[in-house]
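Content type mmCIF, C-alpha atoms, from the file data.cif:
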data_data
loop_
_atom_site.label_atom_id
_atom_site.label_comp_id
_atom_site.auth_asym_id
_atom_site.auth_seq_id
_atom_site.Cartn_x
_atom_site.Cartn_y
_atom_site.Cartn_z
CA MET A 1 -27.15 32.50 9.41
CA ASP A 2 -29.30 31.37 12.32
CA ALA A 3 -28.45 28.21 14.26
CA GLU A 4 -31.42 26.24 12.92
CA ARG A 5 -30.54 26.95 9.28
CA GLN A 6 -26.85 26.19 9.86
CA GLU A 7 -27.72 22.85 11.46
CA ARG A 8 -29.91 22.00 8.50
CA THR A 9 -27.47 22.89 5.74
CA THR A 10 -24.00 22.00 7.03
CA GLU A 11 -22.18 18.72 7.41
CA THR A 12 -18.82 17.49 8.71
CA ILE A 13 -16.63 15.47 6.34
CA PRO A 14 -12.97 14.42 6.09
CA LEU A 15 -10.92 16.68 3.82
CA PHE A 16 -8.04 15.75 1.54
CA PRO A 17 -6.10 18.80 0.25
CA LEU A 18 -4.49 18.30 -3.17
CA GLN A 19 -2.79 20.37 -5.80
CA THR A 20 -5.55 19.52 -8.24
CA VAL A 21 -9.29 20.06 -8.62
CA LEU A 22 -11.82 17.23 -8.63
CA LEU A 23 -14.88 17.95 -10.76
CA PRO A 24 -18.32 16.32 -10.35
CA GLY A 25 -18.44 13.17 -12.46
CA ALA A 26 -14.66 13.02 -12.94
CA THR A 27 -12.50 10.05 -11.94
CA LEU A 28 -9.35 10.62 -9.88
CA PRO A 29 -6.86 7.90 -8.88
CA LEU A 30 -4.90 8.54 -5.68
CA HIS A 31 -1.91 6.95 -4.02
CA LEU A 32 -2.20 7.25 -0.23
CA PHE A 33 1.18 7.02 1.43
CA GLU A 34 1.06 9.25 4.52
CA PRO A 35 -0.14 7.54 7.73
CA ARG A 36 -3.06 9.96 8.21
CA TYR A 37 -4.49 9.27 4.76
CA ARG A 38 -3.88 5.57 5.09
CA GLN A 39 -6.08 5.88 8.19
CA LEU A 40 -8.67 7.78 6.15
CA ALA A 41 -8.78 4.90 3.68
CA VAL A 42 -9.26 2.43 6.52
CA ASP A 43 -12.04 4.58 8.01
CA LEU A 44 -13.77 4.83 4.63
CA LEU A 45 -13.57 1.08 4.05
CA THR A 46 -14.73 0.10 7.53
CA GLY A 47 -17.63 2.55 7.68
CA THR A 48 -16.14 4.76 10.39
CA VAL A 49 -16.56 7.47 7.76
CA PRO A 50 -20.05 6.82 6.35
CA ASP A 51 -20.95 6.33 2.70
CA ARG A 52 -17.28 6.03 1.56
CA ARG A 53 -17.22 9.80 0.88
CA PHE A 54 -14.72 12.51 1.69
CA GLY A 55 -13.95 15.98 0.39
CA ILE A 56 -11.16 17.04 -1.96
CA ILE A 57 -10.08 20.68 -1.90
CA ALA A 58 -7.40 22.38 -3.98
CA ILE A 59 -4.42 23.95 -2.23
CA ARG A 60 -4.04 27.60 -3.25
CA THR A 61 -0.29 27.54 -3.78
CA SER A 62 2.53 25.01 -3.87
CA ALA A 63 4.25 27.11 -1.19
CA VAL A 64 1.79 25.67 1.35
CA ARG A 65 3.44 22.61 2.86
CA GLU A 66 0.83 21.92 5.55
CA VAL A 67 -2.83 22.93 5.35
CA GLU A 68 -3.92 24.43 8.66
CA HIS A 69 -6.20 27.36 7.82
CA LEU A 70 -9.04 28.18 5.44
CA ASP A 71 -6.87 30.60 3.47
CA HIS A 72 -4.54 27.73 2.54
CA VAL A 73 -7.17 26.17 0.28
CA HIS A 74 -9.82 27.22 -2.21
CA ALA A 75 -13.21 27.66 -0.60
CA ILE A 76 -15.11 25.36 -3.00
CA GLY A 77 -14.31 21.65 -3.19
CA CYS A 78 -15.97 18.43 -4.32
CA THR A 79 -16.86 15.23 -2.52
CA ALA A 80 -15.13 12.06 -3.69
CA LEU A 81 -16.77 8.64 -3.61
CA LEU A 82 -14.33 5.83 -2.92
CA GLY A 83 -14.55 3.15 -5.58
CA GLU A 84 -11.88 0.54 -6.19
CA SER A 85 -9.11 0.26 -3.61
CA GLU A 86 -6.01 -1.84 -3.08
CA ARG A 87 -4.02 -2.04 0.12
CA LEU A 88 -0.34 -2.61 -0.57
CA PRO A 89 1.86 -4.84 1.64
CA ASP A 90 3.48 -1.84 3.35
CA GLY A 91 0.10 -0.28 4.25
CA ARG A 92 -0.15 2.23 1.44
CA PHE A 93 -3.34 2.40 -0.65
CA ASP A 94 -4.10 2.82 -4.32
CA ILE A 95 -7.67 4.04 -4.70
CA ILE A 96 -10.01 5.26 -7.43
CA THR A 97 -12.45 8.05 -6.61
CA ARG A 98 -15.28 9.76 -8.47
CA GLY A 99 -16.36 13.36 -7.98
CA GLU A 100 -19.90 13.90 -6.74
CA ARG A 101 -21.15 17.09 -5.05
CA ARG A 102 -19.67 20.54 -4.53
CA PHE A 103 -19.28 22.12 -1.14
CA ARG A 104 -18.00 25.30 0.49
CA VAL A 105 -15.58 24.87 3.39
CA LEU A 106 -16.69 26.86 6.43
CA ASP A 107 -14.19 25.59 8.96
CA ILE A 108 -11.16 23.29 9.17
CA ASP A 109 -10.31 21.17 12.22
CA ASN A 110 -6.88 19.52 12.37
CA SER A 111 -7.30 18.06 15.87
CA ARG A 112 -10.45 15.96 15.56
CA ALA A 113 -8.88 13.11 13.55
CA PRO A 114 -5.46 12.18 12.14
CA TYR A 115 -6.60 13.80 8.88
CA LEU A 116 -8.30 17.15 8.32
CA VAL A 117 -12.01 17.44 9.02
CA GLY A 118 -14.11 20.27 7.67
CA THR A 119 -17.51 21.78 8.26
CA VAL A 120 -19.05 22.34 4.83
CA GLU A 121 -22.22 23.59 3.22
CA TRP A 122 -23.45 22.19 -0.08
CA VAL A 123 -23.25 24.22 -3.28
CA ASP A 124 -25.82 23.42 -5.96
CA ASP A 125 -26.44 24.89 -9.40
CA ASP A 126 -28.86 27.75 -9.90
CA PRO A 127 -32.04 26.71 -11.74
CA LEU A 128 -32.13 27.24 -15.49
CA PRO A 129 -34.10 30.31 -16.59
CA PRO A 130 -37.55 29.76 -18.10
CA ALA A 131 -37.60 29.00 -21.81
CA ALA A 132 -33.88 28.22 -21.86
CA GLY A 133 -34.23 25.41 -24.38
CA ARG A 134 -32.87 27.26 -27.41
CA ALA A 135 -29.94 28.69 -25.45
CA VAL A 136 -29.14 25.25 -24.02
CA ALA A 137 -29.10 23.67 -27.49
CA GLY A 138 -26.78 26.32 -28.92
CA LEU A 139 -24.37 26.24 -26.00
CA ARG A 140 -24.38 22.45 -25.97
CA ASP A 141 -23.44 22.31 -29.66
CA ALA A 142 -20.66 24.86 -29.15
CA ALA A 143 -19.27 23.01 -26.13
CA LEU A 144 -19.32 19.64 -27.89
CA SER A 145 -17.59 21.16 -30.89
CA ALA A 146 -14.88 22.66 -28.68
CA HIS A 147 -14.47 19.34 -26.89
CA GLY A 148 -14.10 17.53 -30.21
CA ALA A 149 -11.48 20.04 -31.40
CA TYR A 150 -9.48 19.59 -28.20
CA CYS A 151 -9.64 15.80 -28.25
CA GLU A 152 -8.69 15.61 -31.92
CA ALA A 153 -5.60 17.69 -31.11
CA ALA A 154 -4.71 15.86 -27.90
CA TRP A 155 -5.75 12.21 -28.04
CA HIS A 156 -5.97 9.23 -30.33
CA ARG A 157 -9.39 8.96 -31.92
CA ASP A 158 -10.29 5.72 -30.13
CA SER A 159 -9.40 7.09 -26.69
CA TRP A 160 -12.28 9.56 -26.26
CA ALA A 161 -15.98 9.87 -26.93
CA ALA A 162 -18.60 12.59 -26.59
CA PRO A 163 -20.94 12.39 -23.56
CA GLU A 164 -24.36 10.79 -23.91
CA SER A 165 -26.91 12.95 -25.72
CA GLU A 166 -29.23 13.07 -22.70
CA THR A 167 -26.58 14.62 -20.43
CA GLY A 168 -27.99 17.84 -18.97
CA PRO A 169 -26.19 21.19 -19.30
CA GLY A 170 -25.09 21.21 -15.67
CA ALA A 171 -23.29 17.88 -15.84
CA LEU A 172 -22.15 18.32 -19.44
CA SER A 173 -19.70 21.13 -18.73
CA TYR A 174 -18.00 19.08 -16.03
CA LEU A 175 -17.80 15.94 -18.16
CA LEU A 176 -16.23 17.85 -21.03
CA ALA A 177 -13.71 19.55 -18.76
CA ALA A 178 -12.87 16.30 -16.97
CA ASP A 179 -11.95 14.74 -20.32
CA CYS A 180 -9.28 17.40 -20.92
CA LEU A 181 -6.14 18.57 -19.14
CA LEU A 182 -7.07 22.08 -18.11
CA PRO A 183 -4.96 24.16 -15.72
CA LEU A 184 -5.92 24.08 -12.06
CA ALA A 185 -7.17 27.69 -12.15
CA ASP A 186 -9.58 26.87 -15.00
CA ARG A 187 -10.88 23.76 -13.27
CA GLN A 188 -11.41 25.67 -10.04
CA GLN A 189 -13.27 28.42 -11.90
CA LEU A 190 -15.56 25.83 -13.45
CA LEU A 191 -16.11 24.15 -10.08
CA GLU A 192 -17.18 27.43 -8.52
CA GLU A 193 -19.57 28.52 -11.27
CA THR A 194 -23.19 27.81 -10.29
CA GLN A 195 -24.94 28.90 -13.51
CA PRO A 196 -24.96 25.92 -15.92
CA LEU A 197 -25.21 27.97 -19.12
CA ARG A 198 -22.42 30.29 -18.11
CA ARG A 199 -20.30 27.25 -17.24
CA LEU A 200 -20.93 25.78 -20.71
CA ARG A 201 -19.72 29.04 -22.26
CA MET A 202 -16.66 28.97 -20.04
CA VAL A 203 -15.70 25.40 -20.88
CA SER A 204 -16.18 26.05 -24.59
CA ARG A 205 -13.82 29.02 -24.42
CA MET A 206 -11.24 27.10 -22.39
CA LEU A 207 -11.24 24.06 -24.66
CA ARG A 208 -10.98 26.17 -27.81
CA ARG A 209 -8.03 28.01 -26.31
CA GLU A 210 -6.26 24.79 -25.30
CA ALA A 211 -6.97 23.16 -28.67
CA GLY A 212 -5.40 26.17 -30.37
CA PHE A 213 -2.29 25.85 -28.22
CA LEU A 214 -1.95 22.15 -28.97
CA THR A 215 -2.42 22.60 -32.70
CA LYS A 216 0.05 25.46 -32.85
CA LEU A 217 2.68 23.70 -30.76
CA ARG A 218 2.04 20.29 -32.37
CA ALA A 219 2.39 18.76 -28.92
CA VAL A 220 0.37 16.33 -26.81
CA PRO A 221 -0.30 17.55 -23.24
CA ALA A 222 1.44 15.75 -20.40
CA PRO A 223 -0.94 14.36 -17.75
CA PRO A 224 -0.92 16.04 -14.34
CA PRO A 225 1.33 14.33 -11.76
CA GLU A 226 -1.46 12.49 -9.96
CA LEU A 227 -2.54 10.78 -13.20
CA ILE A 228 0.90 9.60 -14.39
CA GLN A 229 0.81 6.43 -12.32
CA LEU A 230 -0.69 5.31 -9.07
CA GLY A 231 2.71 4.44 -7.68
CA LEU A 232 3.68 8.09 -7.37
CA PRO A 233 2.50 10.38 -4.54
CA ALA A 234 -0.40 12.59 -5.58
CA SER A 235 -0.39 14.98 -2.64
CA LEU A 236 1.85 16.93 -0.37
CA ASN A 237 -0.34 15.87 2.51
#
Whole structure given in structure tokens:
Amino acid sequence: MDAERQERTTETIPLFPLQTVLLPGATLPLHLFEPRYRQLAVDLLTGTVPDRRFGIIAIRTSAVREVEHLDHVHAIGCTALLGESERLPDGRFDIITRGERRFRVLDIDNSRAPYLVGTVEWVDDDPLPPAAGRAVAGLRDAALSAHGAYCEAAWHRDSWAAPESETGPGALSYLLAADCLLPLADRQQLLEETQPLRRLRMVSRMLRREAGFLTKLRAVPAPPPELIQLGLPASLN
């Protein structure tokens, strides 16, 4: 990649490593208790970090106690937009974030700020093939059916709803996955897939599989640790 193209397509953003995957359009509450991420919250709120955005990347293994190198995290992450926030009396923060845009981490710097800073390039979906309308309709119906089967098995009827009918295929797969408690590996696979129709097929298969597990076990899935309550730490970092 030549210098001109790299300058045009890369950006530097704060990074927050977690043992979870943030998907575009998904909501993620976080409890910030370490001093460096308290400082990140302050920088986001004061505008030191512009646009109230930072990057969330999934840690590859729970054996990693401190992220220092690229091979400690998955290459593809998602930007998080800071929404509601509350500063607690002892300086900790409870915040709500929403996933926005995918990126690929090119470099990690742990000396530039108290928190990690990464050089990233943006990852967008591939364009839909010409005359994809019929395929989109079929895959959309299959994905919505799989989502309904999962939610019927997992949640109370009044606690979920199908996405709006005008939601495009690219966003639809993420919204359906965000509504369900998929394993980290599945969520990361969905995050990395850049072909919308293939991603719809993937999410349909995953939700059908999980719905089958729930029905067979007659059990309701437990939420991941970071969603249990905001008062508990959501990160090793």
Name every residue that the PyMOL selection byres ((chain A and resi 174-178) around 9) selects in this structure, writing the answer as a PyMOL selection string with chains first and numbers rising.
chain A and resi 22-27+143-144+147+162-163+170-173+179-182+187+190-191+199-200+203-204+206-207
Test item: the PyMOL selection byres ((chain A and resi 123) around 8) resolved as a PyMOL selection string
chain A and resi 101-104+121-122+124-125+194
I'd like a table as CSV: residues in segment 76-154 of chain A with an atom no more than 9 Å from segment 213-216 of chain A, each row giving the shortest atom pair and its distance in Å to one decimal, all atoms listed in the file counted, sorted by chain and rising residue number.
residue,atom,partner,partner_atom,distance
A:Tyr150,CA,A:Leu214,CA,8.0
A:Ala153,CA,A:Thr215,CA,6.1
A:Ala154,CA,A:Leu214,CA,7.0
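A straight line drawn from atom CA of Pro17 of chain A to atom CA of Pro114 of chain A is 13.6 Å long.
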Closest of A:Gly168, A:Pro183, A:Pro29, A:Gly148 to Arg208 of chain A, counting only C-alpha atoms, is A:Gly148
Selected by the PyMOL selection byres ((chain A and resi 79-89) around 7) in the shown coordinates: which residues, as a ChimeraX atom specification?
/A:52-56,77-78,90-102
Only C-alpha atoms, please: the residues just picked out, written as an mmCIF file, in the coordinates of the input.
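Printed below is result_34.cif as written:
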data_model
loop_
_atom_site.group_PDB
_atom_site.id
_atom_site.type_symbol
_atom_site.label_atom_id
_atom_site.label_comp_id
_atom_site.auth_asym_id
_atom_site.auth_seq_id
_atom_site.Cartn_x
_atom_site.Cartn_y
_atom_site.Cartn_z
ATOM 1 C CA ARG A 52 -17.280 6.030 1.560
ATOM 2 C CA ARG A 53 -17.220 9.800 0.880
ATOM 3 C CA PHE A 54 -14.720 12.510 1.690
ATOM 4 C CA GLY A 55 -13.950 15.980 0.390
ATOM 5 C CA ILE A 56 -11.160 17.040 -1.960
ATOM 6 C CA GLY A 77 -14.310 21.650 -3.190
ATOM 7 C CA CYS A 78 -15.970 18.430 -4.320
ATOM 8 C CA ASP A 90 3.480 -1.840 3.350
ATOM 9 C CA GLY A 91 0.100 -0.280 4.250
ATOM 10 C CA ARG A 92 -0.150 2.230 1.440
ATOM 11 C CA PHE A 93 -3.340 2.400 -0.650
ATOM 12 C CA ASP A 94 -4.100 2.820 -4.320
ATOM 13 C CA ILE A 95 -7.670 4.040 -4.700
ATOM 14 C CA ILE A 96 -10.010 5.260 -7.430
ATOM 15 C CA THR A 97 -12.450 8.050 -6.610
ATOM 16 C CA ARG A 98 -15.280 9.760 -8.470
ATOM 17 C CA GLY A 99 -16.360 13.360 -7.980
ATOM 18 C CA GLU A 100 -19.900 13.900 -6.740
ATOM 19 C CA ARG A 101 -21.150 17.090 -5.050
ATOM 20 C CA ARG A 102 -19.670 20.540 -4.530
#
List the spatial neighbours of Gln39 of chain A as a PyMOL selection string - criterion: any atom at most 9 Å away, all atoms listed in the file, same-chain residues fewer than 5 positions off excluded.
chain A and resi 34+44+114-115
Between atom CA of Thr9 of chain A and atom CA of Leu128 of chain A, distance in Å (one decimal):
22.2 Å
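The smallest atom-to-atom distance between Val117 of chain A and any of A:Trp160, A:Leu28, A:Asp71, A:Ile57, using all atoms listed in the file, is found for A:Ile57.
Closest approach to Ala75 of chain A from the set A:Gln189, A:Trp155, A:Ser62, A:Arg198 is made by A:Gln189, with distances taken over only C-alpha atoms.
A straight line drawn from atom CA of Ala142 of chain A to atom CA of Gly212 of chain A is 15.4 Å long.
Of the residues listed (A:Val120, A:Pro14, A:Val136, A:Ser111), A:Pro14 shows the shortest atom-to-atom separation from Ala41 of chain A; distances use all atoms listed in the file.
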Select, from A:Ile13, A:Leu217, A:Val21, A:Ala149, the residue with the minimum atom-to-atom distance to Ala161 of chain A, counting all atoms listed in the file.
A:Ala149
Could you check which of A:Arg65, A:Phe16, A:Arg205, A:Arg112 is closest to Leu139 of chain A, using all atoms listed in the file?
A:Arg205
Complete the atoms of segment 136-147 of chain A to all heavy atoms and put them out as a compact mmCIF listing (two decimals), in the frame of the given file.
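So the final result, stored in part31.txt, reads:
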# COMPACT_ATOMS: atom_id res chain seq x y z
N VAL A 136 -29.81 26.49 -24.41
CA VAL A 136 -29.14 25.25 -24.02
C VAL A 136 -28.64 24.50 -25.25
O VAL A 136 -27.50 24.03 -25.30
CB VAL A 136 -30.08 24.35 -23.20
CG1 VAL A 136 -29.48 22.96 -23.01
CG2 VAL A 136 -30.37 24.98 -21.84
N ALA A 137 -29.48 24.40 -26.29
CA ALA A 137 -29.10 23.67 -27.49
C ALA A 137 -27.89 24.32 -28.17
O ALA A 137 -26.95 23.62 -28.58
CB ALA A 137 -30.29 23.62 -28.46
N GLY A 138 -27.90 25.64 -28.28
CA GLY A 138 -26.78 26.32 -28.92
C GLY A 138 -25.49 26.19 -28.15
O GLY A 138 -24.43 25.93 -28.72
N LEU A 139 -25.56 26.34 -26.83
CA LEU A 139 -24.37 26.24 -26.00
C LEU A 139 -23.86 24.81 -25.96
O LEU A 139 -22.64 24.57 -25.92
CB LEU A 139 -24.66 26.75 -24.60
CG LEU A 139 -24.86 28.26 -24.49
CD1 LEU A 139 -25.39 28.63 -23.10
CD2 LEU A 139 -23.55 28.99 -24.77
N ARG A 140 -24.78 23.85 -25.96
CA ARG A 140 -24.38 22.45 -25.97
C ARG A 140 -23.60 22.12 -27.24
O ARG A 140 -22.53 21.50 -27.19
CB ARG A 140 -25.61 21.55 -25.85
CG ARG A 140 -25.29 20.06 -25.92
CD ARG A 140 -26.55 19.21 -25.96
NE ARG A 140 -26.19 17.82 -26.11
CZ ARG A 140 -25.89 17.01 -25.10
NH1 ARG A 140 -25.92 17.47 -23.86
NH2 ARG A 140 -25.57 15.76 -25.31
N ASP A 141 -24.12 22.57 -28.39
CA ASP A 141 -23.44 22.31 -29.66
C ASP A 141 -22.05 22.94 -29.67
O ASP A 141 -21.07 22.33 -30.13
CB ASP A 141 -24.27 22.84 -30.82
CG ASP A 141 -25.53 22.03 -31.07
OD1 ASP A 141 -25.63 20.91 -30.53
OD2 ASP A 141 -26.43 22.52 -31.78
N ALA A 142 -21.95 24.17 -29.17
CA ALA A 142 -20.66 24.86 -29.15
C ALA A 142 -19.67 24.15 -28.24
O ALA A 142 -18.49 24.00 -28.58
CB ALA A 142 -20.86 26.31 -28.70
N ALA A 143 -20.16 23.69 -27.08
CA ALA A 143 -19.27 23.01 -26.13
C ALA A 143 -18.81 21.67 -26.68
O ALA A 143 -17.63 21.30 -26.55
CB ALA A 143 -19.99 22.83 -24.80
N LEU A 144 -19.70 20.93 -27.31
CA LEU A 144 -19.32 19.64 -27.89
C LEU A 144 -18.33 19.82 -29.04
O LEU A 144 -17.40 19.03 -29.21
CB LEU A 144 -20.56 18.89 -28.37
CG LEU A 144 -21.47 18.34 -27.27
CD1 LEU A 144 -22.77 17.81 -27.87
CD2 LEU A 144 -20.76 17.24 -26.48
N SER A 145 -18.52 20.87 -29.81
CA SER A 145 -17.59 21.16 -30.89
C SER A 145 -16.21 21.50 -30.35
O SER A 145 -15.18 21.03 -30.87
CB SER A 145 -18.12 22.32 -31.74
OG SER A 145 -17.19 22.68 -32.74
N ALA A 146 -16.16 22.31 -29.29
CA ALA A 146 -14.88 22.66 -28.68
C ALA A 146 -14.21 21.44 -28.08
O ALA A 146 -12.99 21.26 -28.18
CB ALA A 146 -15.10 23.73 -27.61
N HIS A 147 -15.00 20.57 -27.46
CA HIS A 147 -14.47 19.34 -26.89
C HIS A 147 -13.88 18.45 -27.99
O HIS A 147 -12.79 17.89 -27.84
CB HIS A 147 -15.59 18.61 -26.15
CG HIS A 147 -15.21 17.26 -25.62
ND1 HIS A 147 -15.57 16.09 -26.27
CD2 HIS A 147 -14.52 16.89 -24.51
CE1 HIS A 147 -15.11 15.06 -25.58
NE2 HIS A 147 -14.48 15.50 -24.51
